[in-house]
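Worksheet for the structure shown next.
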Amino acid sequence: MKEFEGKKLLVLGGFALACDIVKHAQNLGAYVVVADYDRSCLAREIADKYEEISTLDVDALVDFCRSEKIDGVATGFVDILLQPCMEVCEKLGLPCYFTPKMLSMSTSKIDFKETCRAYNVPVPKTYLVGGEISKSKYSEINYPVFVKPLDSSGSRGAGVCWDREELRKQFAQAKEFSPTGNVVIEDYLTGREFLLNYIAVNGEYRLISMFDRYTCDDRGSAINYSNLAISPSKSINLYLKDVNKKVISMFKNLGFSDGLFFLQGFAKNDEITFFEMGCRLGGSYYNLEKACIGLDPVDMIVRYAITGKMMCGLDEIPEDVADFKKTAICINYLLKGPTATIGKIEGLNEVVNMPVCIGYEQRHFEGDYYSNERTVDRPVLSLDLVEDSIEQARKDVEYMNSIFDVKDDAGNSILMQKYNLKSR
């Protein structure tokens, strides 16, 4: 008998990445229901049951859970689903590691920065939070600055500004992406961008990965997908020595006892500066964490939703576990141009079947037409690689870049510039 046989799990959101949660829960024996208003959602195809219901309608979700005798509710990847998930669990008395403070820091850039400052965790200077820029405020700003919607995600509406005219235009665009019409203006950080992941179990913490995120020089300042991410970070030893304890102390003092947390920031020389936080699964780094250190955040999400425990404890996990012994890489191949029809994808089978490729996600296929949607990035293929050394990684990435291509129906390449790992 499987561990969760006889248990029912409701997964909020049927998007592509949610399929990993559904499959894992099923492998543990759970009966999995996917709730989503989009009848074409991908997770619907593999779930044991699909329910066409808005994932934001808390009362309807609660009624459904009671009628179906649901044992746990989970979600991942999308910030907007965290609040309804927490409210549903509260009304039903089901486990949920989110706290109101976690969600506030994850969705409010202002709360995140103010809280970090209170605990001496470094964040950039903020010039303005609001819907208008006064004439006097313009004179206070030291360029370059970064402008972003206060309450949006995925880098939509965000960008760097080098002068007053660029600021005026970017501010207007950012307001369009903010549900409340509010915008943040802050110092523009430079250096090497990173993303790091923590787990918390019964009030104890471990940093489990730190990825450096690289982008090609043909891309703007506001991105969602890096061209390539690699772990362990060049800054891992600096971070563990100088910053790790501050972040853990902040989380503990805020009462965060269990959960998954990610932080994004920049490393420059010997300085670490954060600009964002989340308390959900993000991207596909969890596949690489599982392969490199044996910890599976997807398993933790499922397990906590059903039992209220992520794992037994962290005593046997070393504090420097994020300093991977192997090299973990995530490559994103991105489509360019406002519109195109994909005529041919070359080299796909070769790259996904390389021994170092432990997983991949294909988002567009031959015959697909894409248009100028309001998205920052348009990935066609994401690859997860685990390499024995950085030297071998450089050779493998160079080979993949040489054979993988996407062409339109006229035979022209429609891939954005590929990242050359030799420059790392």
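Simple scheme: letters A, B, ... for chains in structure tokens order, numbers from 1 for residues in each chain, numbers from 1 for ligands in the order shown.
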
task: For region 80-83 of chain A, work out the shell of residues within 9 Å, counting only C-alpha atoms and skipping chain neighbours fewer than 5 positions away, then give it as a list of chain:residue names.
output: A:Leu12, A:Gly13, A:Thr55, A:Leu56, A:Ala74, A:Thr75, A:Val88, A:Phe98, A:Pro100, A:Leu103, A:Thr107, A:Cys279, A:Arg280

field: Backbone DSSP call of helix (DSSP H, G or I) for region 150-374 of chain A, listed as a ChimeraX atom specification
entry: /A:164-177,236-242,244-253,285-293,297-307,348-352

Test item, strand (DSSP E or B) assignment across region 6-144 of chain A, answer as a PyMOL selection string: chain A and resi 8-12+31-35+49-51+72-74+126-130

Please produce, as JSON lines, a per-residue contact table for region 108-222 of chain A versus region 300-313 of chain A (criterion: any atom at most 10 Å away, only C-alpha atoms considered), showing the nearest atom pair and its distance in Å to one decimal, sorted by chain then residue number.
```
{"residue": "A:Ile199", "atom": "CA", "partner": "A:Met300", "partner_atom": "CA", "distance": 9.2}
{"residue": "A:Ala200", "atom": "CA", "partner": "A:Met310", "partner_atom": "CA", "distance": 8.6}
{"residue": "A:Val201", "atom": "CA", "partner": "A:Gly313", "partner_atom": "CA", "distance": 6.1}
{"residue": "A:Asn202", "atom": "CA", "partner": "A:Gly313", "partner_atom": "CA", "distance": 7.3}
{"residue": "A:Gly203", "atom": "CA", "partner": "A:Gly313", "partner_atom": "CA", "distance": 9.7}
{"residue": "A:Glu204", "atom": "CA", "partner": "A:Gly313", "partner_atom": "CA", "distance": 8.1}
{"residue": "A:Tyr205", "atom": "CA", "partner": "A:Gly313", "partner_atom": "CA", "distance": 9.7}
```

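With CA of Asn27 (chain A) on one side and CA of Glu350 (chain A) on the other, the separation reads 28.5 Å.
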
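Relative to CA of Lys113 (chain A), CA of Gly259 (chain A) is found at 20.1 Å.
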
- request: Write out as a list of chain:residue names each polymer residue whose atoms come within 8 Å of Val62 (chain A), counting only C-alpha atoms; drop sequence neighbours fewer than 3 positions from it.
  value: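 Within the cut-off, the hits are A:Val58, A:Asp59, A:Cys65, A:Arg66, A:Val88, A:Lys91, A:Leu92.
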
Atoms kept (N, CA and C atoms) for selection, written as a compact mmCIF listing (two decimals), in the first residue's frame:
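Written file, selection-v6.txt:
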```
# COMPACT_ATOMS: atom_id res chain seq x y z
N VAL A 58 -12.96 31.42 -2.88
CA VAL A 58 -12.68 30.66 -1.66
C VAL A 58 -13.91 29.89 -1.19
N ASP A 59 -15.08 30.52 -1.16
CA ASP A 59 -16.28 29.84 -0.67
C ASP A 59 -16.63 28.62 -1.52
N CYS A 65 -14.42 21.15 -1.35
CA CYS A 65 -13.58 20.31 -0.51
C CYS A 65 -14.41 19.51 0.50
N ARG A 66 -15.42 20.16 1.05
CA ARG A 66 -16.27 19.45 2.01
C ARG A 66 -17.06 18.34 1.35
N VAL A 88 -8.66 28.86 2.25
CA VAL A 88 -9.38 27.59 2.17
C VAL A 88 -8.93 26.66 3.28
N LYS A 91 -10.28 27.77 6.72
CA LYS A 91 -11.70 27.47 6.91
C LYS A 91 -11.96 25.99 7.13
N LEU A 92 -11.10 25.15 6.58
CA LEU A 92 -11.30 23.70 6.68
C LEU A 92 -10.45 23.06 7.77
```
